[in-house]
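**Q** data05.cif is reproduced below (mmCIF, C-alpha atoms).
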```cif
data_query
#
loop_
_atom_site.label_atom_id
_atom_site.label_comp_id
_atom_site.auth_asym_id
_atom_site.auth_seq_id
_atom_site.Cartn_x
_atom_site.Cartn_y
_atom_site.Cartn_z
CA MET A 1430 4.05 21.86 20.45
CA ALA A 1431 2.25 24.50 18.38
CA GLY A 1432 0.00 26.93 20.19
CA PHE A 1433 -2.87 29.11 19.07
CA ARG A 1434 -2.23 31.62 16.30
CA LYS A 1435 -4.33 34.04 14.32
CA ALA A 1436 -6.48 32.08 11.89
CA LYS A 1437 -5.69 32.42 8.22
CA ALA A 1438 -7.08 30.90 5.05
CA GLU A 1439 -4.86 28.25 3.49
CA GLN A 1440 -6.94 26.71 0.74
CA ALA A 1441 -5.55 26.76 -2.79
CA ALA A 1442 -7.95 24.21 -4.27
CA LEU A 1443 -11.63 23.35 -3.98
CA LYS A 1444 -12.77 19.99 -2.61
CA ILE A 1445 -16.32 19.31 -3.83
CA GLY A 1446 -18.54 16.27 -3.34
CA PHE A 1447 -21.45 15.31 -5.59
CA TYR A 1448 -23.89 12.48 -4.88
CA GLY A 1449 -27.28 11.39 -6.18
CA LEU A 1450 -29.34 8.67 -7.78
CA ALA A 1451 -28.68 7.21 -11.22
CA GLY A 1452 -29.41 9.79 -13.91
CA SER A 1453 -29.19 12.76 -11.57
CA GLY A 1454 -26.39 14.41 -13.59
CA LYS A 1455 -23.43 13.74 -11.31
CA THR A 1456 -20.88 12.82 -13.98
CA PHE A 1457 -21.97 15.43 -16.53
CA THR A 1458 -22.00 18.25 -13.95
CA THR A 1459 -18.59 17.20 -12.66
CA LEU A 1460 -17.18 17.24 -16.19
CA LEU A 1461 -18.60 20.73 -16.77
CA CYS A 1462 -16.99 22.00 -13.56
CA ALA A 1463 -13.64 20.34 -14.22
CA GLU A 1464 -13.62 21.54 -17.85
CA GLY A 1465 -14.10 25.12 -16.68
CA LEU A 1466 -11.06 24.81 -14.42
CA ALA A 1467 -9.04 23.27 -17.25
CA LYS A 1468 -9.85 26.16 -19.58
CA LEU A 1469 -8.86 28.70 -16.92
CA SER A 1470 -5.59 27.00 -16.04
CA GLY A 1471 -4.57 25.45 -19.34
CA LYS A 1472 -4.05 22.13 -17.54
CA ARG A 1473 -5.52 18.63 -17.81
CA ILE A 1474 -8.20 16.72 -15.88
CA ALA A 1475 -7.31 13.43 -14.15
CA TYR A 1476 -10.54 11.41 -14.15
CA VAL A 1477 -10.83 8.15 -12.20
CA ASP A 1478 -13.73 6.27 -13.81
CA THR A 1479 -14.83 3.15 -11.92
CA GLU A 1480 -17.89 2.37 -14.05
CA ARG A 1481 -17.03 3.52 -17.60
CA GLY A 1482 -19.49 6.34 -17.08
CA THR A 1483 -17.53 8.75 -19.27
CA ASP A 1484 -17.37 6.66 -22.45
CA PHE A 1485 -19.92 8.76 -24.33
CA TYR A 1486 -18.59 12.06 -22.96
CA CYS A 1487 -15.10 11.69 -24.44
CA GLN A 1488 -16.53 11.68 -27.96
CA PRO A 1489 -18.68 14.24 -29.82
CA VAL A 1490 -22.43 13.60 -29.82
CA PRO A 1491 -24.10 16.17 -32.13
CA GLU A 1492 -27.56 15.16 -30.90
CA ARG A 1493 -26.66 16.03 -27.30
CA LYS A 1494 -28.42 19.33 -26.55
CA ILE A 1495 -25.92 20.47 -23.93
CA HIS A 1496 -22.21 20.21 -24.71
CA PRO A 1497 -22.40 18.13 -27.92
CA GLU A 1498 -18.61 18.34 -28.35
CA ALA A 1499 -16.30 15.83 -26.64
CA PHE A 1500 -14.87 16.50 -23.20
CA ASP A 1501 -11.07 16.36 -23.06
CA PHE A 1502 -9.56 14.55 -20.07
CA ASP A 1503 -7.15 11.78 -19.05
CA ALA A 1504 -8.84 8.71 -17.57
CA LEU A 1505 -7.93 5.85 -15.27
CA TYR A 1506 -10.40 2.98 -15.46
CA THR A 1507 -10.20 1.02 -12.22
CA ARG A 1508 -12.06 -0.05 -9.11
CA SER A 1509 -8.88 -1.11 -7.34
CA ILE A 1510 -8.09 0.95 -4.27
CA THR A 1511 -4.39 0.09 -4.45
CA GLU A 1512 -4.17 0.98 -8.15
CA LEU A 1513 -5.92 4.27 -7.46
CA GLN A 1514 -3.58 5.02 -4.56
CA GLN A 1515 -0.49 4.44 -6.70
CA ALA A 1516 -1.87 6.50 -9.59
CA LEU A 1517 -2.77 9.48 -7.41
CA TYR A 1518 0.81 9.87 -6.25
CA THR A 1519 1.85 10.43 -9.89
CA VAL A 1520 -0.59 13.30 -10.49
CA GLN A 1521 1.47 16.51 -10.69
CA ALA A 1522 0.05 19.97 -10.05
CA ASP A 1523 1.95 21.48 -12.98
CA LYS A 1524 0.06 19.19 -15.39
CA TYR A 1525 -3.36 18.65 -13.83
CA CYS A 1526 -5.86 21.15 -12.45
CA ALA A 1527 -8.48 18.68 -11.20
CA ILE A 1528 -8.80 15.14 -9.89
CA VAL A 1529 -12.16 13.39 -10.18
CA ILE A 1530 -13.04 10.19 -8.29
CA ASP A 1531 -16.20 8.73 -9.90
CA SER A 1532 -17.39 6.88 -8.03
CA ILE A 1533 -16.02 6.91 -4.50
CA THR A 1534 -18.73 4.34 -3.70
CA HIS A 1535 -16.83 1.69 -5.67
CA ILE A 1536 -13.52 2.63 -4.04
CA TRP A 1537 -15.02 2.16 -0.59
CA GLU A 1538 -16.51 -1.16 -1.67
CA ALA A 1539 -13.06 -2.19 -2.93
CA ALA A 1540 -11.56 -1.39 0.48
CA ARG A 1541 -14.11 -3.63 2.19
CA ALA A 1542 -13.83 -6.39 -0.42
CA ALA A 1543 -10.05 -6.55 0.11
CA TYR A 1544 -10.57 -7.87 3.65
CA SER A 1545 -9.45 -11.49 3.79
CA GLY A 1546 -9.54 -12.12 7.53
CA LYS A 1547 -11.93 -14.14 9.64
CA GLU A 1548 -15.59 -13.20 9.73
CA THR A 1549 -18.08 -13.41 12.58
CA LYS A 1550 -20.49 -16.34 12.95
CA ILE A 1551 -23.13 -14.38 11.00
CA GLY A 1552 -20.73 -13.61 8.16
CA THR A 1553 -19.90 -9.99 9.01
CA ILE A 1554 -16.55 -8.26 9.43
CA PRO A 1555 -15.47 -8.14 13.11
CA PHE A 1556 -15.28 -4.74 14.73
CA HIS A 1557 -11.54 -4.86 15.38
CA ALA A 1558 -10.80 -5.33 11.66
CA TRP A 1559 -12.34 -2.07 10.45
CA ALA A 1560 -9.32 0.08 11.31
CA LYS A 1561 -7.15 -1.94 8.93
CA ILE A 1562 -9.84 -1.93 6.22
CA LYS A 1563 -10.23 1.85 6.39
CA LYS A 1564 -6.51 2.62 6.41
CA PRO A 1565 -5.86 2.85 2.61
CA TYR A 1566 -9.17 4.65 2.11
CA LYS A 1567 -8.32 7.25 4.75
CA GLU A 1568 -4.84 7.67 3.25
CA ILE A 1569 -6.45 8.48 -0.11
CA MET A 1570 -8.81 11.00 1.49
CA SER A 1571 -5.96 12.70 3.37
CA PHE A 1572 -3.97 12.93 0.13
CA LEU A 1573 -6.90 14.43 -1.81
CA LEU A 1574 -7.71 16.99 0.90
CA SER A 1575 -4.06 18.06 1.13
CA SER A 1576 -3.51 18.23 -2.62
CA PRO A 1577 -3.02 21.66 -4.25
CA ILE A 1578 -5.20 20.31 -7.09
CA HIS A 1579 -9.00 20.74 -7.20
CA VAL A 1580 -10.83 17.54 -6.23
CA PHE A 1581 -14.29 16.27 -7.13
CA ILE A 1582 -15.58 13.26 -5.16
CA VAL A 1583 -18.60 11.67 -6.83
CA GLY A 1584 -20.72 9.05 -5.08
CA ARG A 1585 -23.96 7.16 -5.36
CA GLN A 1586 -26.94 7.93 -3.14
CA GLY A 1587 -28.06 5.58 -0.40
CA ASN A 1588 -30.68 5.62 2.32
CA GLU A 1589 -29.96 6.47 5.94
CA PHE A 1590 -31.74 4.46 8.62
CA GLU A 1591 -32.15 4.83 12.37
CA GLU A 1592 -33.72 2.64 15.03
CA ASP A 1593 -36.82 4.02 16.70
CA GLU A 1594 -36.11 4.21 20.45
CA GLU A 1595 -39.73 3.45 21.37
CA THR A 1596 -40.66 0.70 18.92
CA GLY A 1597 -37.21 -0.65 18.09
CA GLU A 1598 -38.14 -0.59 14.41
CA THR A 1599 -35.68 0.60 11.77
CA LYS A 1600 -36.93 3.50 9.68
CA LYS A 1601 -35.57 5.66 6.88
CA VAL A 1602 -34.58 9.13 8.11
CA GLY A 1603 -32.90 10.55 5.02
CA VAL A 1604 -30.37 9.98 2.26
CA LYS A 1605 -26.58 10.03 2.19
CA MET A 1606 -23.55 9.39 0.00
CA LYS A 1607 -22.79 5.67 -0.23
CA ALA A 1608 -19.22 5.56 1.03
CA GLU A 1609 -17.27 5.31 4.26
CA GLY A 1610 -19.31 7.10 6.92
CA GLU A 1611 -17.04 10.15 7.33
CA THR A 1612 -16.69 10.85 3.59
CA PRO A 1613 -19.50 13.44 3.27
CA TYR A 1614 -17.89 15.52 6.02
CA GLU A 1615 -14.53 15.82 4.23
CA PRO A 1616 -15.08 18.12 1.19
CA HIS A 1617 -15.64 21.86 1.46
CA ILE A 1618 -18.86 21.61 -0.56
CA LEU A 1619 -21.34 18.73 -0.60
CA ILE A 1620 -24.01 18.77 -3.28
CA ARG A 1621 -26.90 16.37 -3.72
CA MET A 1622 -27.97 15.94 -7.33
CA GLU A 1623 -31.49 15.21 -8.51
CA ALA A 1624 -33.36 15.08 -11.81
CA GLU A 1625 -36.58 16.97 -11.09
CA LYS A 1626 -39.46 16.44 -13.48
CA ALA A 1627 -40.77 19.77 -14.74
CA LYS A 1628 -44.35 20.55 -15.85
CA THR A 1629 -43.24 20.09 -19.42
CA GLY A 1630 -42.44 16.48 -18.64
CA ASN A 1631 -38.71 16.95 -19.09
CA ALA A 1632 -36.32 16.43 -16.21
CA VAL A 1633 -34.34 19.39 -14.91
CA ILE A 1634 -30.96 18.63 -13.37
CA THR A 1635 -30.99 20.18 -9.91
CA ALA A 1636 -28.21 20.63 -7.37
CA PHE A 1637 -28.92 21.09 -3.66
CA ALA A 1638 -26.01 22.56 -1.68
CA GLU A 1639 -26.30 20.54 1.53
CA LYS A 1640 -22.99 21.77 2.95
CA ASP A 1641 -20.87 24.77 2.05
CA ARG A 1642 -18.03 25.98 4.24
CA THR A 1643 -17.69 29.17 2.17
CA GLY A 1644 -21.30 30.22 2.78
CA ILE A 1645 -21.73 31.30 -0.85
CA LEU A 1646 -23.74 28.29 -2.02
CA ALA A 1647 -25.15 27.29 1.37
CA GLY A 1648 -28.79 26.23 1.20
CA ARG A 1649 -29.14 27.10 -2.47
CA THR A 1650 -31.00 25.12 -5.11
CA ILE A 1651 -29.21 25.38 -8.44
CA TYR A 1652 -30.94 24.42 -11.68
CA ASN A 1653 -28.85 23.06 -14.56
CA PRO A 1654 -25.64 23.40 -12.49
CA SER A 1655 -22.40 24.23 -14.28
CA PHE A 1656 -18.93 25.64 -13.75
CA ASP A 1657 -20.34 29.18 -13.73
CA SER A 1658 -22.92 28.48 -11.03
CA ILE A 1659 -20.95 26.15 -8.74
CA VAL A 1660 -17.19 26.63 -9.08
CA LYS A 1661 -16.66 30.14 -10.46
CA PRO A 1662 -18.27 31.98 -7.48
CA LEU A 1663 -15.82 30.25 -5.11
CA LEU A 1664 -12.52 30.80 -6.91
CA GLY A 1665 -11.96 34.27 -5.43
CA LEU A 1666 -11.68 32.74 -1.95
CA LEU A 1667 -8.67 30.59 -2.83
CA GLY A 1668 -5.07 31.43 -2.05
CA GLU A 1669 -1.68 30.08 -3.07
CA LYS A 1670 -1.02 27.75 -0.12
CA GLN A 1671 -2.87 24.49 0.50
CA ALA A 1672 -3.42 23.38 4.08
CA GLN A 1673 -2.16 19.88 4.83
CA VAL A 1674 -4.42 17.30 6.45
CA GLU A 1675 -2.52 14.87 8.64
CA ASP A 1676 -3.01 11.15 8.19
CA PRO A 1677 -5.14 9.88 11.13
CA ASP A 1678 -2.74 7.01 11.77
CA SER A 1679 0.21 9.41 12.04
CA VAL A 1680 -1.70 11.57 14.50
CA ALA A 1681 -2.71 8.53 16.55
CA ALA A 1682 0.87 7.25 16.66
CA ARG A 1683 2.18 10.63 17.81
CA ASP A 1684 -0.52 10.97 20.48
CA ALA A 1685 0.14 7.43 21.72
CA GLU A 1686 3.85 8.21 22.08
CA VAL A 1687 3.21 11.44 24.01
CA LEU A 1688 0.62 9.82 26.31
CA SER A 1689 2.92 6.86 26.95
CA GLU A 1690 5.77 9.20 27.85
CA ARG A 1691 3.49 11.12 30.22
CA ASP A 1692 2.45 7.91 31.96
CA GLU A 1693 6.07 6.79 32.32
CA ASN A 1694 7.10 10.15 33.78
CA ARG A 1695 4.16 10.11 36.18
CA GLU A 1696 5.01 6.59 37.34
CA LYS A 1697 8.64 7.59 37.80
CA ARG A 1698 7.77 10.67 39.87
CA GLY A 1699 5.27 8.64 41.90
CA ALA A 1700 7.87 5.95 42.62
CA GLU A 1701 10.42 8.57 43.71
CA LEU A 1702 7.89 10.22 46.01
CA LEU A 1703 6.85 6.89 47.50
CA GLU A 1704 10.46 5.96 48.13
CA LYS A 1705 11.04 9.29 49.91
CA LEU A 1706 7.98 8.82 52.15
CA ALA A 1707 8.95 5.22 52.94
CA ALA A 1708 12.41 6.40 54.04
CA GLN A 1709 10.85 9.05 56.30
CA ILE A 1710 8.49 6.49 57.85
CA THR A 1711 11.39 4.11 58.51
CA LEU A 1712 13.20 6.84 60.45
CA CYS A 1713 10.19 7.64 62.67
CA ASP A 1714 10.93 7.03 66.38
CA SER A 1715 7.53 8.00 67.81
CA TRP A 1716 3.82 8.00 67.08
CA ASP A 1717 3.87 11.79 66.84
CA ALA A 1718 6.49 11.69 64.11
CA LEU A 1719 4.49 9.07 62.23
CA LYS A 1720 1.29 11.14 62.58
CA LYS A 1721 3.10 14.19 61.21
CA ILE A 1722 4.02 12.27 58.05
CA SER A 1723 0.48 10.88 57.83
CA ASP A 1724 -0.94 14.42 57.89
CA GLU A 1725 1.37 15.34 55.00
CA ILE A 1726 -0.13 12.60 52.81
CA THR A 1727 -3.02 14.71 51.49
CA PRO A 1728 -5.46 13.68 48.73
CA GLU A 1729 -3.47 15.86 46.33
CA LEU A 1730 -0.26 14.06 47.25
CA LYS A 1731 -1.96 10.71 46.71
CA LYS A 1732 -2.85 11.74 43.14
CA ARG A 1733 0.86 12.37 42.53
#
```
Please go through the file and, once you have read it, give me the structure as structure tokens.
**A**
Amino acid sequence: MAGFRKAKAEQAALKIGFYGLAGSGKTFTTLLCAEGLAKLSGKRIAYVDTERGTDFYCQPVPERKIHPEAFDFDALYTRSITELQQALYTVQADKYCAIVIDSITHIWEAARAAYSGKETKIGTIPFHAWAKIKKPYKEIMSFLLSSPIHVFIVGRQGNEFEEDEETGETKKVGVKMKAEGETPYEPHILIRMEAEKAKTGNAVITAFAEKDRTGILAGRTIYNPSFDSIVKPLLGLLGEKQAQVEDPDSVAARDAEVLSERDENREKRGAELLEKLAAQITLCDSWDALKKISDEITPELKKR
């Protein structure tokens, strides 16, 4: 079993999450960031498009004020979680510099829609079934976080609700990425996108860095975000080795095996101790001898 060791940075690729409402600039900003990485590395972009949101970005649009030329990337058009899973395993680091999942909201919906088991009386998925539903989704997340390739996870924005303890009423307390509940916690950087209306009447694409493990972008508001303002400042922190994130199911299986072995060993030692005490009691020929053994059975011995 591994012990503590001096901490060291083992991140060779950025893991960035973008989320926001429709028209907030998620796809365009992601393409700008991924394109910057492609130009630096000379490699390709692997773009998973679940809603055909890139159709007008892969062709030149002279009237487009920002980036009128076409973006160059390889696309997979699917909402299937199994198709995505199979495709990801073919993405090689010597060919691709970035993987984009746009949108992760649809992938999570696909994971839930694949459930074919029994529902509750009110038509909901029973609690015990969620582990199986989440399994392929969590496998994808573990793969992306462990990949030596940069990853961009793009999701839609949803509302977050909580129940008021006093009134029992449900009220909106904020916004979140629409995906499996743990998804926003996974990437290094989480950015909420918004199209802010300026005094001129035009909307300004704005990025709010809600989470940043590097500390460089933390708490910042970035107007007209791009590769230069989001990705470039972070590249100097990366190394050559990518830390591996273990699959939760593998960890659970290993822990279950160790805990089971501990319980078996404890039961075995307890049985041996009990057998020894029983033999001593059988040999007692007086109350004093029996009392002596009784005094030896301390609370600590009982725990054993």
**Q** Enumerate, in order of chain and increasing residue number, the residues of region 1553-1595 of chain A with an atom no farther than 12 Å from region 1638-1661 of chain A, each with its shortest atom pair and distance in Å to one decimal, counting all atoms listed in the file, as JSON lines.
**A**
```
{"residue": "A:His1579", "atom": "CA", "partner": "A:Val1660", "partner_atom": "CA", "distance": 10.3}
{"residue": "A:Val1580", "atom": "CA", "partner": "A:Val1660", "partner_atom": "CA", "distance": 11.5}
{"residue": "A:Phe1581", "atom": "CA", "partner": "A:Val1660", "partner_atom": "CA", "distance": 10.9}
```
**Q** Which one of A:Ala1560, A:Ile1551, A:Ala1527, A:Ala1540 sits closest to Asp1678 (chain A) if you count only C-alpha atoms?
**A**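 Closest candidate: A:Ala1560.
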**Q** Of the candidates A:Phe1590, A:Ser1509, A:Lys1705, A:Ile1562, which one gets nearest to Tyr1544 (chain A) if we count only C-alpha atoms?
**A**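 Going through A:Phe1590, A:Ser1509, A:Lys1705, A:Ile1562 one by one, the smallest distance to Tyr1544 (chain A) is for A:Ile1562.
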**Q** Would you work out the distance separating CA of Asp1531 (chain A) from CA of Phe1447 (chain A), expressed in Å to one decimal?
**A**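 Value for the CA of Asp1531 (chain A)-CA of Phe1447 (chain A) distance: 9.5 Å.
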**Q** Exactly which residues make up the result of the PyMOL selection byres ((chain A and resi 1667) around 10) on this file, given as a count of residues only?
**A** 14
**Q** For the file shown, what are the residues hit by the PyMOL selection byres ((chain A and resi 1505) around 10), laid out as a ChimeraX atom specification?
**A** /A:1475-1479,1481,1503-1504,1506-1508,1512-1513,1516,1530
**Q** Given only C-alpha atoms as the basis, pick out the residue of A:Thr1612, A:Thr1519, A:Gln1673, A:Gln1514 nearest to Ser1575 (chain A).
**A** A:Gln1673
**Q** Nearest residue to Asp1692 (chain A) out of A:Thr1635, A:Pro1728, A:Gly1482, A:Arg1733, using only C-alpha atoms?
**A**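 Of all the options, A:Arg1733 lies closest to Asp1692 (chain A).
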**Q** Given the file shown, enumerate the residues that the PyMOL selection byres ((chain A and resi 1523) around 10) captures and present them as a list in words.
**A**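 For this structure, the PyMOL selection byres ((chain A and resi 1523) around 10) resolves to Ser1470, Gly1471, Lys1472, Arg1473, Val1520, Gln1521, Ala1522, Lys1524, Tyr1525, Cys1526 and Ile1578 of chain A.
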**Q** What is the CA of Glu1589 (chain A) to CA of Gly1603 (chain A) distance in Å?
**A**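 If I compute the distance from CA of Glu1589 (chain A) to CA of Gly1603 (chain A), I get 5.1 Å.
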**Q** Can you work out which one of A:Pro1555, A:Gly1630, A:Pro1491, A:Pro1616 has the shortest atom-to-atom distance to Met1570 (chain A), counting only C-alpha atoms?
**A** A:Pro1616
**Q** Do you have the CA of Ile1710 (chain A)-CA of Arg1695 (chain A) distance handy?
**A**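 So the answer is 22.4 Å.
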**Q** What's around Gln1586 (chain A) at 6 Å? Count all atoms listed in the file, leave out sequence neighbours fewer than 2 positions away in its own chain, and write the answer as a ChimeraX atom specification.
**A** /A:1448-1450,1605-1607
**Q** Since the input is missing atoms, can you rebuild N, CA, C and O atoms for region 1659-1672 of chain A and write them as an mmCIF file, in the coordinates of the input?
**A**
```
data_model
loop_
_atom_site.group_PDB
_atom_site.id
_atom_site.type_symbol
_atom_site.label_atom_id
_atom_site.label_comp_id
_atom_site.auth_asym_id
_atom_site.auth_seq_id
_atom_site.Cartn_x
_atom_site.Cartn_y
_atom_site.Cartn_z
ATOM 1 N N ILE A 1659 -21.458 26.863 -9.910
ATOM 2 C CA ILE A 1659 -20.950 26.150 -8.740
ATOM 3 C C ILE A 1659 -19.511 26.519 -8.396
ATOM 4 O O ILE A 1659 -19.197 26.878 -7.257
ATOM 5 N N VAL A 1660 -18.612 26.440 -9.358
ATOM 6 C CA VAL A 1660 -17.190 26.630 -9.080
ATOM 7 C C VAL A 1660 -16.751 28.091 -9.167
ATOM 8 O O VAL A 1660 -16.048 28.591 -8.276
ATOM 9 N N LYS A 1661 -17.143 28.773 -10.212
ATOM 10 C CA LYS A 1661 -16.660 30.140 -10.460
ATOM 11 C C LYS A 1661 -16.888 31.084 -9.287
ATOM 12 O O LYS A 1661 -15.989 31.872 -8.942
ATOM 13 N N PRO A 1662 -18.058 31.057 -8.613
ATOM 14 C CA PRO A 1662 -18.270 31.980 -7.480
ATOM 15 C C PRO A 1662 -17.316 31.758 -6.309
ATOM 16 O O PRO A 1662 -17.182 32.642 -5.452
ATOM 17 N N LEU A 1663 -16.658 30.590 -6.258
ATOM 18 C CA LEU A 1663 -15.820 30.250 -5.110
ATOM 19 C C LEU A 1663 -14.340 30.521 -5.340
ATOM 20 O O LEU A 1663 -13.556 30.546 -4.387
ATOM 21 N N LEU A 1664 -13.941 30.710 -6.584
ATOM 22 C CA LEU A 1664 -12.520 30.800 -6.910
ATOM 23 C C LEU A 1664 -11.827 31.993 -6.250
ATOM 24 O O LEU A 1664 -10.638 31.929 -5.935
ATOM 25 N N GLY A 1665 -12.562 33.077 -6.036
ATOM 26 C CA GLY A 1665 -11.960 34.270 -5.430
ATOM 27 C C GLY A 1665 -11.549 34.072 -3.979
ATOM 28 O O GLY A 1665 -10.799 34.886 -3.430
ATOM 29 N N LEU A 1666 -12.008 33.003 -3.361
ATOM 30 C CA LEU A 1666 -11.680 32.740 -1.950
ATOM 31 C C LEU A 1666 -10.381 31.953 -1.795
ATOM 32 O O LEU A 1666 -9.887 31.794 -0.682
ATOM 33 N N LEU A 1667 -9.847 31.455 -2.897
ATOM 34 C CA LEU A 1667 -8.670 30.590 -2.830
ATOM 35 C C LEU A 1667 -7.381 31.391 -2.800
ATOM 36 O O LEU A 1667 -7.284 32.475 -3.357
ATOM 37 N N GLY A 1668 -6.375 30.811 -2.126
ATOM 38 C CA GLY A 1668 -5.070 31.430 -2.050
ATOM 39 C C GLY A 1668 -4.030 30.583 -2.755
ATOM 40 O O GLY A 1668 -4.358 29.716 -3.563
ATOM 41 N N GLU A 1669 -2.766 30.804 -2.418
ATOM 42 C CA GLU A 1669 -1.680 30.080 -3.070
ATOM 43 C C GLU A 1669 -1.209 28.860 -2.270
ATOM 44 O O GLU A 1669 -0.589 27.959 -2.819
ATOM 45 N N LYS A 1670 -1.499 28.838 -0.973
ATOM 46 C CA LYS A 1670 -1.020 27.750 -0.120
ATOM 47 C C LYS A 1670 -2.151 26.804 0.234
ATOM 48 O O LYS A 1670 -3.253 27.242 0.571
ATOM 49 N N GLN A 1671 -1.878 25.494 0.169
ATOM 50 C CA GLN A 1671 -2.870 24.490 0.500
ATOM 51 C C GLN A 1671 -2.583 23.881 1.870
ATOM 52 O O GLN A 1671 -1.489 23.383 2.118
ATOM 53 N N ALA A 1672 -3.565 23.960 2.751
ATOM 54 C CA ALA A 1672 -3.420 23.380 4.080
ATOM 55 C C ALA A 1672 -3.256 21.868 3.978
ATOM 56 O O ALA A 1672 -3.867 21.224 3.123
#
```
